[in-house]
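The file my_file.csv comes next; it holds CSV, C-alpha atoms and all ligand atoms.
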```csv
chain,number,residue,atom,x,y,z
U,1,MET,CA,-84.9,64.9,-34.7
U,2,GLN,CA,-86.5,61.6,-35.3
U,3,ALA,CA,-86.8,59.1,-32.5
U,4,ARG,CA,-84.3,56.3,-32.4
U,5,ARG,CA,-85.9,53.0,-31.6
U,6,ILE,CA,-85.0,49.3,-31.7
U,7,PRO,CA,-87.2,46.3,-30.9
U,8,LYS,CA,-87.5,45.5,-27.2
U,9,ILE,CA,-85.0,42.9,-26.1
U,10,LEU,CA,-86.3,40.0,-24.2
U,11,SER,CA,-83.5,37.9,-22.7
U,12,PHE,CA,-83.7,35.4,-19.9
U,13,GLU,CA,-81.9,37.8,-17.6
U,14,SER,CA,-84.0,40.8,-18.4
U,15,ILE,CA,-87.2,38.9,-17.9
U,16,MET,CA,-86.0,37.5,-14.6
U,17,TRP,CA,-84.9,41.0,-13.6
U,18,LEU,CA,-88.4,42.3,-14.1
U,19,PHE,CA,-90.0,39.2,-12.5
U,20,MET,CA,-87.9,39.8,-9.3
U,21,ARG,CA,-89.3,43.3,-9.0
U,22,ILE,CA,-92.9,42.3,-9.7
U,23,SER,CA,-92.8,39.2,-7.5
U,24,GLY,CA,-91.1,41.1,-4.7
U,25,LEU,CA,-93.9,43.7,-4.7
U,26,ALA,CA,-96.6,41.0,-5.2
U,27,MET,CA,-95.5,39.2,-2.0
U,28,TYR,CA,-96.1,42.4,0.0
U,29,VAL,CA,-99.5,42.6,-1.6
U,30,PHE,CA,-100.4,39.0,-0.8
U,31,ALA,CA,-99.2,39.2,2.8
U,32,LEU,CA,-101.0,42.4,3.5
U,33,THR,CA,-104.1,41.1,1.9
U,34,GLY,CA,-104.0,37.9,4.0
U,35,LEU,CA,-103.3,39.9,7.1
U,36,THR,CA,-106.0,42.6,6.6
U,37,ILE,CA,-108.7,40.2,5.6
U,38,ALA,CA,-107.9,37.8,8.5
U,39,LEU,CA,-108.2,40.7,11.0
U,40,ILE,CA,-111.5,41.7,9.5
U,41,MET,CA,-112.7,38.0,9.7
U,42,GLY,CA,-112.1,37.9,13.5
U,43,ALA,CA,-108.4,37.1,13.9
U,44,ARG,CA,-108.0,40.1,16.2
U,45,THR,CA,-109.8,38.3,19.0
U,46,GLN,CA,-109.8,34.6,18.0
U,47,MET,CA,-106.2,34.0,16.8
U,48,ASP,CA,-102.9,34.2,18.5
U,49,MET,CA,-100.0,36.1,16.9
U,50,GLY,CA,-98.1,33.1,15.7
U,51,THR,CA,-101.1,31.6,13.9
U,52,LEU,CA,-102.0,35.0,12.4
U,53,LEU,CA,-98.5,35.3,11.0
U,54,ARG,CA,-98.5,31.8,9.6
U,55,TRP,CA,-101.7,32.6,7.9
U,56,THR,CA,-100.4,35.9,6.6
U,57,PHE,CA,-97.5,34.3,4.8
U,58,PHE,CA,-99.5,31.3,3.6
U,59,PRO,CA,-103.3,31.5,3.9
U,60,ILE,CA,-104.1,27.9,4.2
U,61,GLY,CA,-107.0,26.4,6.3
U,62,THR,CA,-104.7,24.2,8.4
U,63,HIS,CA,-103.4,27.2,10.1
U,64,VAL,CA,-106.9,28.2,11.2
U,65,THR,CA,-108.1,24.9,12.6
U,66,SER,CA,-105.7,25.2,15.6
U,67,SER,CA,-107.1,28.6,16.6
U,68,ASP,CA,-110.3,29.7,18.4
U,69,ILE,CA,-112.1,30.3,15.1
U,70,LEU,CA,-115.1,28.0,14.8
U,71,VAL,CA,-116.7,28.9,11.5
U,72,LEU,CA,-114.2,28.0,8.7
U,73,GLU,CA,-116.3,28.9,5.6
U,74,GLN,CA,-114.7,32.3,5.2
U,75,TRP,CA,-111.3,30.9,5.7
U,76,ILE,CA,-111.4,28.0,3.3
U,77,ASN,CA,-112.8,28.9,-0.1
U,78,PRO,CA,-111.6,29.2,-3.7
U,79,PHE,CA,-110.3,32.8,-3.2
U,80,TRP,CA,-107.8,31.5,-0.6
U,81,THR,CA,-106.9,28.5,-2.8
U,82,ILE,CA,-105.9,30.9,-5.6
U,83,MET,CA,-103.9,33.0,-3.1
U,84,GLN,CA,-102.1,29.9,-1.9
U,85,TYR,CA,-101.1,29.0,-5.4
U,86,LEU,CA,-100.0,32.5,-6.3
U,87,THR,CA,-98.0,32.9,-3.0
U,88,ILE,CA,-96.2,29.6,-3.5
U,89,VAL,CA,-95.4,30.1,-7.1
U,90,PHE,CA,-94.1,33.6,-6.7
U,91,ALA,CA,-92.3,33.0,-3.4
U,92,THR,CA,-90.4,29.9,-4.6
U,93,MET,CA,-89.6,31.3,-8.0
U,94,HIS,CA,-88.4,34.5,-6.4
U,95,GLY,CA,-86.2,32.6,-3.9
U,96,THR,CA,-84.9,30.1,-6.4
U,97,ASN,CA,-84.0,32.7,-8.9
U,98,GLY,CA,-82.2,34.6,-6.1
U,99,LEU,CA,-80.1,31.5,-5.4
U,100,ARG,CA,-79.4,31.2,-9.1
U,101,MET,CA,-78.1,34.7,-9.2
U,102,VAL,CA,-75.9,34.2,-6.1
U,103,LEU,CA,-74.6,31.0,-7.8
U,104,GLU,CA,-73.7,32.8,-11.0
U,105,ASP,CA,-72.2,35.7,-9.1
U,106,TYR,CA,-69.5,33.4,-7.9
U,107,MET,CA,-69.1,30.8,-10.5
U,108,ASP,CA,-67.8,31.1,-14.1
U,109,ALA,CA,-69.8,29.6,-16.9
U,110,GLY,CA,-68.5,26.0,-16.7
U,111,TRP,CA,-70.2,22.7,-16.4
U,112,GLY,CA,-70.3,23.1,-12.6
U,113,VAL,CA,-72.7,26.0,-13.0
U,114,HIS,CA,-74.9,23.9,-15.3
U,115,VAL,CA,-75.1,21.1,-12.7
U,116,LEU,CA,-75.9,23.4,-9.8
U,117,ARG,CA,-78.5,25.2,-11.9
U,118,GLY,CA,-80.1,21.9,-12.8
U,119,LEU,CA,-80.1,21.0,-9.1
U,120,LEU,CA,-81.8,24.2,-8.2
U,121,LEU,CA,-84.5,23.6,-10.9
U,122,ILE,CA,-85.1,20.2,-9.5
U,123,ILE,CA,-85.4,21.6,-5.9
U,124,TRP,CA,-87.8,24.2,-7.1
U,125,LEU,CA,-90.0,21.7,-8.9
U,126,PHE,CA,-89.9,19.5,-5.8
U,127,MET,CA,-91.0,22.4,-3.6
U,128,LEU,CA,-93.9,23.2,-6.0
U,129,LEU,CA,-94.9,19.5,-6.0
U,130,VAL,CA,-95.0,19.3,-2.2
U,131,ALA,CA,-96.8,22.6,-1.9
U,132,PHE,CA,-99.4,21.8,-4.6
U,133,ASN,CA,-100.0,18.5,-3.0
U,134,LEU,CA,-100.5,20.1,0.4
U,135,ILE,CA,-103.0,22.6,-1.1
U,136,GLN,CA,-104.9,19.9,-2.9
U,137,THR,CA,-105.2,17.6,0.1
U,138,THR,CA,-105.8,20.1,2.9
U,139,GLY,CA,-106.3,23.6,1.5
U,140,ALA,CA,-108.6,23.4,-1.5
U,141,VAL,CA,-112.3,23.3,-1.6
E,1,MET,CA,-45.4,68.1,7.2
E,2,GLN,CA,-44.2,64.6,7.8
E,3,VAL,CA,-46.1,61.9,6.0
E,4,THR,CA,-45.9,58.1,6.3
E,5,LEU,CA,-46.7,56.1,3.2
E,6,LYS,CA,-47.5,52.5,3.7
E,7,VAL,CA,-47.1,50.7,0.3
E,8,TYR,CA,-48.2,47.3,-0.9
E,9,ARG,CA,-45.2,45.5,-2.2
E,10,TYR,CA,-45.0,42.4,-4.3
E,11,ASN,CA,-42.2,41.2,-6.5
E,12,PRO,CA,-43.0,37.9,-8.1
E,13,GLU,CA,-39.3,37.1,-8.6
E,14,LYS,CA,-38.5,37.4,-4.9
E,15,ASP,CA,-41.6,37.4,-2.8
E,16,LYS,CA,-43.8,34.4,-2.0
E,17,LYS,CA,-46.4,36.7,-0.5
E,18,PRO,CA,-47.1,40.4,-0.7
E,19,HIS,CA,-46.1,42.6,2.2
E,20,TYR,CA,-46.1,46.3,3.1
E,21,ASP,CA,-43.2,48.8,3.2
E,22,THR,CA,-43.5,52.0,5.1
E,23,PHE,CA,-41.7,55.2,4.0
E,24,THR,CA,-41.5,58.5,5.9
E,25,LEU,CA,-41.1,61.7,4.0
E,26,GLU,CA,-41.6,65.4,4.0
E,27,ALA,CA,-44.5,66.6,2.0
E,28,ASP,CA,-46.6,69.7,1.3
E,29,PRO,CA,-50.3,69.3,1.9
E,30,THR,CA,-51.0,70.4,-1.6
E,31,GLU,CA,-48.7,67.7,-3.1
E,32,ARG,CA,-50.3,64.7,-4.8
E,33,VAL,CA,-49.9,61.1,-3.7
E,34,LEU,CA,-48.2,60.5,-7.1
E,35,ASP,CA,-45.6,63.1,-6.2
E,36,LEU,CA,-44.7,61.2,-3.0
E,37,MET,CA,-44.4,57.9,-4.9
E,38,GLU,CA,-42.2,59.5,-7.5
E,39,ARG,CA,-40.0,60.9,-4.7
E,40,ILE,CA,-39.8,57.5,-3.0
E,41,LYS,CA,-38.9,55.8,-6.3
E,42,GLY,CA,-36.3,58.5,-7.1
E,43,LEU,CA,-34.7,58.9,-3.7
E,44,GLN,CA,-35.5,56.0,-1.4
E,45,ASP,CA,-36.3,52.8,-3.3
E,46,GLY,CA,-35.9,52.6,-7.0
E,47,THR,CA,-37.7,49.2,-7.2
E,48,LEU,CA,-41.1,50.7,-6.3
E,49,THR,CA,-43.2,50.0,-9.3
E,50,PHE,CA,-46.4,51.8,-10.6
E,51,ARG,CA,-47.9,53.0,-13.8
E,52,ARG,CA,-48.2,56.7,-14.6
E,53,SER,CA,-48.1,58.8,-17.7
E,54,CYS,CA,-49.8,62.1,-17.9
E,55,ALA,CA,-49.8,62.9,-14.2
E,56,HIS,CA,-52.9,65.1,-14.8
E,57,GLY,CA,-55.9,62.8,-14.6
E,58,VAL,CA,-56.2,62.3,-18.3
E,59,CYS,CA,-54.5,59.0,-19.2
E,60,GLY,CA,-56.0,56.8,-16.5
E,61,SER,CA,-52.9,54.7,-15.8
E,62,ASP,CA,-52.5,55.4,-12.1
E,63,ALA,CA,-55.7,54.2,-10.5
E,64,MET,CA,-54.9,52.6,-7.1
E,65,ARG,CA,-56.4,52.1,-3.7
E,66,ILE,CA,-55.5,55.0,-1.5
E,67,ASN,CA,-56.6,54.6,2.1
E,68,GLY,CA,-59.0,51.9,0.9
E,69,VAL,CA,-60.6,54.0,-1.9
E,70,ASN,CA,-60.0,53.7,-5.6
E,71,ARG,CA,-58.5,57.0,-6.8
E,72,LEU,CA,-56.1,58.4,-9.3
E,73,ALA,CA,-52.8,59.0,-7.4
E,74,CYS,CA,-52.2,62.1,-9.6
E,75,LYS,CA,-55.6,63.7,-8.6
E,76,THR,CA,-55.3,62.9,-4.9
E,77,LEU,CA,-53.8,65.6,-2.7
E,78,VAL,CA,-52.1,64.8,0.6
E,79,GLN,CA,-54.4,67.2,2.5
E,80,ASP,CA,-57.4,65.2,1.3
E,81,VAL,CA,-56.2,61.8,2.7
E,82,GLY,CA,-54.2,62.8,5.8
E,83,LYS,CA,-50.7,62.1,7.1
E,84,LYS,CA,-51.0,58.4,7.2
E,85,ILE,CA,-51.5,57.1,3.7
E,86,THR,CA,-51.9,53.5,2.6
E,87,VAL,CA,-51.4,52.7,-1.1
E,88,GLU,CA,-52.5,49.4,-2.6
E,89,PRO,CA,-53.2,48.1,-6.1
E,90,ILE,CA,-56.8,48.0,-7.4
E,91,LEU,CA,-58.8,44.9,-6.5
E,92,GLY,CA,-60.0,42.1,-8.7
E,93,LEU,CA,-57.2,42.0,-11.2
E,94,PRO,CA,-54.0,39.9,-10.8
E,95,VAL,CA,-51.1,41.8,-9.4
E,96,ILE,CA,-48.0,41.7,-11.6
E,97,LYS,CA,-45.7,43.8,-9.4
E,98,ASP,CA,-46.4,46.3,-6.6
E,99,MET,CA,-49.1,48.7,-8.0
E,100,ILE,CA,-49.2,47.2,-11.4
E,101,VAL,CA,-52.1,44.8,-12.2
E,102,ASP,CA,-52.8,42.8,-15.3
E,103,MET,CA,-55.4,45.0,-17.1
E,104,GLU,CA,-56.0,42.4,-19.8
E,105,PRO,CA,-59.2,40.9,-18.2
E,106,PHE,CA,-60.5,44.5,-17.9
E,107,PHE,CA,-59.8,45.3,-21.6
E,108,GLU,CA,-61.2,42.0,-22.7
E,109,ASN,CA,-64.5,43.0,-21.1
E,110,TYR,CA,-64.2,46.4,-22.6
E,111,ARG,CA,-63.7,45.0,-26.1
E,112,SER,CA,-66.7,42.6,-25.7
E,113,VAL,CA,-69.3,45.5,-25.9
E,114,MET,CA,-68.2,46.9,-29.3
E,115,PRO,CA,-66.8,50.2,-27.9
E,116,TYR,CA,-66.4,51.8,-31.3
E,117,PHE,CA,-68.5,53.7,-33.8
E,118,VAL,CA,-70.5,51.7,-36.2
E,119,ASN,CA,-72.3,53.2,-39.2
E,120,ASN,CA,-72.5,51.4,-42.5
E,121,ASP,CA,-74.0,54.3,-44.5
E,122,PRO,CA,-71.5,55.8,-47.0
E,123,PRO,CA,-69.9,58.8,-45.3
E,124,PRO,CA,-71.4,62.1,-46.4
E,125,ASN,CA,-69.4,65.0,-47.8
E,126,GLY,CA,-67.9,66.5,-44.7
E,127,GLU,CA,-69.2,65.3,-41.3
E,128,ARG,CA,-72.0,63.2,-40.0
E,129,LEU,CA,-74.0,65.9,-38.4
E,130,GLN,CA,-75.6,65.9,-35.0
E,131,SER,CA,-77.5,68.5,-33.1
E,132,PRO,CA,-76.2,69.8,-29.8
E,133,GLU,CA,-79.0,68.1,-27.9
E,134,GLU,CA,-78.1,64.7,-29.6
E,135,ARG,CA,-74.5,65.2,-28.6
E,136,GLU,CA,-75.5,66.1,-25.0
E,137,ARG,CA,-77.4,62.8,-24.7
E,138,PHE,CA,-74.2,60.8,-24.2
E,139,ASP,CA,-71.8,63.6,-23.1
E,140,ASP,CA,-71.3,62.2,-19.6
E,141,THR,CA,-70.0,58.8,-20.8
E,142,THR,CA,-67.6,60.3,-23.3
E,143,LYS,CA,-65.5,61.4,-20.3
E,144,CYS,CA,-64.2,57.9,-19.4
E,145,ILE,CA,-60.5,57.4,-19.4
E,146,LEU,CA,-60.5,53.7,-18.8
E,147,CYS,CA,-58.7,53.9,-15.5
E,148,ALA,CA,-60.7,50.8,-14.2
E,149,ALA,CA,-61.3,52.5,-10.8
E,150,CYS,CA,-65.0,51.7,-11.2
E,151,THR,CA,-64.9,48.1,-12.3
E,152,THR,CA,-62.3,47.2,-9.6
E,153,SER,CA,-64.5,48.8,-6.9
E,154,CYS,CA,-67.5,46.7,-7.9
E,155,PRO,CA,-68.3,43.7,-5.7
E,156,SER,CA,-70.1,42.0,-8.6
E,157,PHE,CA,-66.9,42.1,-10.6
E,158,TRP,CA,-64.8,40.9,-7.6
E,159,ALA,CA,-67.0,37.9,-7.3
E,160,ASN,CA,-67.0,37.1,-11.0
E,161,GLY,CA,-64.6,38.6,-13.5
E,162,LYS,CA,-66.8,37.6,-16.4
E,163,TYR,CA,-69.2,40.4,-15.5
E,164,VAL,CA,-68.4,43.1,-18.1
E,165,GLY,CA,-68.3,45.7,-15.3
E,166,PRO,CA,-69.2,49.3,-15.1
E,167,SER,CA,-66.5,50.7,-17.3
E,168,ALA,CA,-67.5,48.5,-20.3
E,169,ILE,CA,-71.1,49.5,-19.8
E,170,VAL,CA,-70.2,53.2,-19.7
E,171,ASN,CA,-68.3,52.8,-23.0
E,172,ALA,CA,-71.2,50.9,-24.5
E,173,HIS,CA,-73.5,53.7,-23.3
E,174,ARG,CA,-71.4,56.3,-25.1
E,175,PHE,CA,-72.2,54.6,-28.5
E,176,ILE,CA,-75.7,53.2,-27.8
E,177,PHE,CA,-77.1,56.8,-27.3
E,178,ASP,CA,-75.1,58.4,-30.1
E,179,SER,CA,-77.6,59.3,-32.8
E,180,ARG,CA,-75.0,58.6,-35.6
E,181,ASP,CA,-74.3,55.0,-34.5
E,182,GLN,CA,-76.2,52.0,-35.8
E,183,ALA,CA,-75.1,49.1,-33.6
E,184,ALA,CA,-77.2,49.8,-30.5
E,185,LYS,CA,-79.2,46.6,-30.9
E,186,GLU,CA,-76.1,44.4,-31.0
E,187,ARG,CA,-74.6,46.1,-27.9
E,188,LEU,CA,-77.8,45.9,-26.0
E,189,GLU,CA,-78.2,42.2,-26.8
E,190,ILE,CA,-74.7,41.6,-25.3
E,191,LEU,CA,-75.6,43.7,-22.2
E,192,ALA,CA,-78.9,41.9,-21.8
E,193,GLY,CA,-77.0,38.6,-21.5
E,194,GLN,CA,-75.8,36.6,-18.5
E,195,PHE,CA,-72.8,38.8,-17.7
E,196,GLY,CA,-74.3,42.2,-18.7
E,197,VAL,CA,-76.2,44.9,-16.9
E,198,TYR,CA,-78.3,42.6,-14.7
E,199,ARG,CA,-75.2,41.6,-12.6
E,200,CYS,CA,-75.3,45.2,-11.4
E,201,ARG,CA,-77.0,45.4,-8.0
E,202,THR,CA,-76.9,49.2,-7.8
E,203,ILE,CA,-74.3,49.3,-5.1
E,204,PHE,CA,-73.0,52.7,-6.4
E,205,ASN,CA,-69.3,51.9,-5.6
E,206,CYS,CA,-68.5,52.7,-9.3
E,207,THR,CA,-70.1,56.1,-9.2
E,208,LEU,CA,-68.2,57.0,-6.0
E,209,ALA,CA,-64.9,55.8,-7.4
E,210,CYS,CA,-65.0,57.4,-10.8
E,211,PRO,CA,-62.4,60.2,-11.0
E,212,ARG,CA,-64.3,61.8,-13.9
E,213,GLU,CA,-67.4,61.9,-11.8
E,214,ILE,CA,-69.4,60.0,-14.5
E,215,GLN,CA,-72.9,59.1,-13.3
E,216,ILE,CA,-72.2,55.4,-13.9
E,217,THR,CA,-75.1,53.8,-12.1
E,218,LYS,CA,-77.4,56.2,-13.9
E,219,ALA,CA,-75.9,55.1,-17.2
E,220,ILE,CA,-76.5,51.5,-16.3
E,221,GLY,CA,-80.1,52.3,-15.4
E,222,GLU,CA,-80.6,54.0,-18.8
E,223,ILE,CA,-79.3,50.9,-20.5
E,224,LYS,CA,-81.7,48.7,-18.6
E,225,GLU,CA,-84.5,51.0,-19.7
E,226,ALA,CA,-83.4,50.9,-23.3
E,227,ILE,CA,-83.4,47.1,-23.2
E,228,ALA,CA,-86.9,47.0,-21.7
E,229,THR,CA,-88.5,49.7,-24.0
E,230,GLY,CA,-86.3,49.8,-27.1
E,231,ASN,CA,-86.2,53.6,-26.8
E,232,LEU,CA,-82.8,55.1,-27.5
E,233,ASP,CA,-83.6,58.7,-27.1
D,1,LIG,S1,-66.1,55.2,-15.9
D,1,LIG,FE1,-64.8,56.5,-14.5
D,1,LIG,S2,-63.9,55.1,-13.1
D,1,LIG,FE2,-64.7,53.8,-14.8
D,1,LIG,S3,-63.0,53.5,-16.1
D,1,LIG,FE3,-64.1,55.3,-16.9
D,1,LIG,S4,-63.1,57.1,-15.9
D,1,LIG,FE4,-62.4,55.2,-14.8
D,2,LIG,S1,-51.1,59.6,-14.5
D,2,LIG,FE1,-52.5,59.9,-16.1
D,2,LIG,S2,-54.4,59.8,-15.0
D,2,LIG,FE2,-53.0,59.8,-13.4
```

Would you put the structure from the file into structure tokens?
Ligand code: SF4
Ligand code: FES
Amino acid sequence: MQARRIPKILSFESIMWLFMRISGLAMYVFALTGLTIALIMGARTQMDMGTLLRWTFFPIGTHVTSSDILVLEQWINPFWTIMQYLTIVFATMHGTNGLRMVLEDYMDAGWGVHVLRGLLLIIWLFMLLVAFNLIQTTGAV
Amino acid sequence: MQVTLKVYRYNPEKDKKPHYDTFTLEADPTERVLDLMERIKGLQDGTLTFRRSCAHGVCGSDAMRINGVNRLACKTLVQDVGKKITVEPILGLPVIKDMIVDMEPFFENYRSVMPYFVNNDPPPNGERLQSPEERERFDDTTKCILCAACTTSCPSFWANGKYVGPSAIVNAHRFIFDSRDQAAKERLEILAGQFGVYRCRTIFNCTLACPREIQITKAIGEIKEAIATGNLD
């Protein structure tokens, strides 16, 4: 019996399906990394719960300056800058694609869908712009 | 025992809105809901309208919502659903009259996935052979009787009728994994599109509804895998 094969099919939907799984898992990894390292770096005694959680979900230096932590070197460095970019790109893409799916669940393929899809794209790009700007001005070294 | 049957009624020539009629009748616990409906139609109200043909779970024409669950009336015993029975048309397709819905949108989705055998090689003398294992590969999905119980229990289909729906995917699966067929690629390309398998959120309503006990969600998963890997074995 010889194996039946066809070339892999890459459609927008199949790529996004895979992306949703990967980014969903990745966000757990990012958050747990941020949380664990923060605890090791002294958050356990020098940070309150709210600040720690803000840091967990977006590890940017501005969250730290309001805490009791005095030495910021460990908290503001290129590693965390990369984590900020990854978190923002994955989270906003995951969320925006989720909204696109909800949209297409309920709307037929007409011009209305195209307009709303375009709007989502603009909102997503705007979110990225604001976040990148924030990282560049306050978070990056 | 005495059974009350609450039935969804809609006659487009008379009714502005659907309503429910309640019938009371004597029934054996081992009778089927279809028997009760036949009796009502014959003895109490001849205008009661529903599809049926084989009365033995083979033709797929009498799928309806019985106590909120999609079932075949001819395979549902009174003892399994109790003394108070509510019968309504399947959801997500326009009601024409009482239990009869317009199946055309359903069949349109069905036709869109090429649910037929494609092989452009000249036919051999005799049959196109296949091993028992190769036949086994798609055995489960050959059992579909196109009753629409699955597709009309699917929230993704309720929300958007353009989604091809579990039944169409089952019937695509039946040919995609058939070793004699040659159009798997075309079918998978259709199913990888906007209204194909990725509208499935693995809710499992279809698998629960199927009167043939086809493992529908599993079949959908196998198709997602075939799209990702290109492997049709
Ligand atoms: S897969 Fe099952 S529920 Fe769906 S149409 Fe076929 S027989 Fe009916
Ligand atoms: S009447 Fe044929 S399946 Fe029920």

Close residues to ligand LIG 2 (chain D) using all atoms listed in the file, limit 12 Å, as a PyMOL selection string: chain E and resi 32-35+37-38+50-64+71-76+144-149+210-212

Please return, as a PDB file with C-alpha atoms, keeping the file's coordinate frame, all residues of chain E lying within 8 Å of chain U when only C-alpha atoms are considered.
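What follows is the written file part.pdb:
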```pdb
ATOM      1  CA  SER E 156     -70.100  42.000  -8.600  1.00  0.00           C
ATOM      2  CA  ALA E 159     -67.000  37.900  -7.300  1.00  0.00           C
ATOM      3  CA  ASN E 160     -67.000  37.100 -11.000  1.00  0.00           C
ATOM      4  CA  LYS E 162     -66.800  37.600 -16.400  1.00  0.00           C
ATOM      5  CA  SER E 179     -77.600  59.300 -32.800  1.00  0.00           C
ATOM      6  CA  ALA E 184     -77.200  49.800 -30.500  1.00  0.00           C
ATOM      7  CA  LYS E 185     -79.200  46.600 -30.900  1.00  0.00           C
ATOM      8  CA  LEU E 188     -77.800  45.900 -26.000  1.00  0.00           C
ATOM      9  CA  GLU E 189     -78.200  42.200 -26.800  1.00  0.00           C
ATOM     10  CA  ALA E 192     -78.900  41.900 -21.800  1.00  0.00           C
ATOM     11  CA  GLY E 193     -77.000  38.600 -21.500  1.00  0.00           C
ATOM     12  CA  GLN E 194     -75.800  36.600 -18.500  1.00  0.00           C
ATOM     13  CA  TYR E 198     -78.300  42.600 -14.700  1.00  0.00           C
ATOM     14  CA  ARG E 199     -75.200  41.600 -12.600  1.00  0.00           C
ATOM     15  CA  ALA E 226     -83.400  50.900 -23.300  1.00  0.00           C
ATOM     16  CA  ILE E 227     -83.400  47.100 -23.200  1.00  0.00           C
ATOM     17  CA  ALA E 228     -86.900  47.000 -21.700  1.00  0.00           C
ATOM     18  CA  THR E 229     -88.500  49.700 -24.000  1.00  0.00           C
ATOM     19  CA  GLY E 230     -86.300  49.800 -27.100  1.00  0.00           C
ATOM     20  CA  ASN E 231     -86.200  53.600 -26.800  1.00  0.00           C
ATOM     21  CA  LEU E 232     -82.800  55.100 -27.500  1.00  0.00           C
ATOM     22  CA  ASP E 233     -83.600  58.700 -27.100  1.00  0.00           C
TER      23      ASP E 233
END
```

If you measure from atom CA of U:Ile60 to atom CA of U:Gly95, what distance in Å do you get, rounded to one decimal?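 According to the coordinates, atom CA of U:Ile60 and atom CA of U:Gly95 are separated by 20.2 Å.
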
Nearest residue to ligand LIG 1 (chain D) from the set E:Asp45, E:Glu213, E:Glu186, E:Glu222 (distances using all atoms listed in the file): E:Glu213

Determine, counting all atoms listed in the file, which protein, DNA and RNA residues have an atom within 12 Å of an atom of U:Asn77; residues of the same chain fewer than 2 positions away are not included. Present the result as a JSON list (two decimals) with C-alpha atoms, in the frame of the given file.
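Dumped everything to selection.json:
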```json
[["chain", "number", "residue", "atom", "x", "y", "z"],
["U", 59, "PRO", "CA", -103.30, 31.50, 3.90],
["U", 60, "ILE", "CA", -104.10, 27.90, 4.20],
["U", 61, "GLY", "CA", -107.00, 26.40, 6.30],
["U", 72, "LEU", "CA", -114.20, 28.00, 8.70],
["U", 73, "GLU", "CA", -116.30, 28.90, 5.60],
["U", 74, "GLN", "CA", -114.70, 32.30, 5.20],
["U", 75, "TRP", "CA", -111.30, 30.90, 5.70],
["U", 79, "PHE", "CA", -110.30, 32.80, -3.20],
["U", 80, "TRP", "CA", -107.80, 31.50, -0.60],
["U", 81, "THR", "CA", -106.90, 28.50, -2.80],
["U", 82, "ILE", "CA", -105.90, 30.90, -5.60],
["U", 83, "MET", "CA", -103.90, 33.00, -3.10],
["U", 84, "GLN", "CA", -102.10, 29.90, -1.90],
["U", 135, "ILE", "CA", -103.00, 22.60, -1.10],
["U", 138, "THR", "CA", -105.80, 20.10, 2.90],
["U", 139, "GLY", "CA", -106.30, 23.60, 1.50],
["U", 140, "ALA", "CA", -108.60, 23.40, -1.50],
["U", 141, "VAL", "CA", -112.30, 23.30, -1.60]]
```

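You can rank E:Gly46, E:Ile96, E:Asp28, E:Arg180 by their closest distance to E:Glu127 using all atoms listed in the file, and at the top of that list sits E:Arg180.
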
Point-to-point distance from atom CA of E:Phe157 to atom CA of E:Gly92, Å rounded to tenths: 7.2 Å

Please work out which residues fall within 8 Å of (-67.8, 54.6, -8.4), coordinates as given in the file, with all atoms listed in the file counting, and return them as a list in words. Ala149, Cys150, Ser153, Cys154, Phe204, Asn205, Cys206, Thr207, Leu208, Ala209, Cys210 and Ile216 of chain E

For the point (-103.0, 41.5, -1.9) in file coordinates, what residues are within 12 Å, counting all atoms listed in the file? Give the answer as a PyMOL selection string? chain U and resi 23+25-37+56-57+59+79-80+82-84+86-87

Env of E:Phe138: 8 Å cut, atoms = all atoms listed in the file, seq-sep filter 2 positions within chain, self excluded. Answer as an MDAnalysis selection string. chainID E and resid 134:136 140:142 173:175 177:178

Counting all atoms listed in the file, the option among E:Ile203, E:Phe107, E:Ile100, E:Gly161 closest to ligand LIG 1 (chain D): E:Phe107

At a cut-off of 10 Å, using all atoms listed in the file, what residues contact stretch 127-134 of chain U? Leave out same-chain residues fewer than 2 positions from it and give the result as a list of chain:residue names.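 Here the qualifying residues turn out to be U:Ile60, U:Thr62, U:Gln84, U:Tyr85, U:Ile88, U:Val89, U:Thr92, U:Met93, U:Leu121, U:Ile122, U:Ile123, U:Trp124, U:Leu125, U:Gln136, U:Thr137, U:Thr138, U:Gly139, U:Ala140.
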
For ligand LIG 1 (chain D), which of E:Gly196, E:Pro122, E:Gly221, E:Pro166 is the closest residue, counting only C-alpha atoms and all ligand atoms? E:Pro166

In Å and to one decimal, atom CA of U:Ser66 is distant from atom CA of U:Met47 by 8.9 Å

Taking only C-alpha atoms and all ligand atoms into account, which of E:Cys200, E:Val3, E:Ile176, E:Val170 comes nearest ligand LIG 1 (chain D)?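 Closest candidate: E:Val170.
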
Using all atoms listed in the file: which of E:Gly42, E:Pro89, E:Pro155, E:Gly165 has the shortest distance to ligand LIG 1 (chain D): E:Gly165
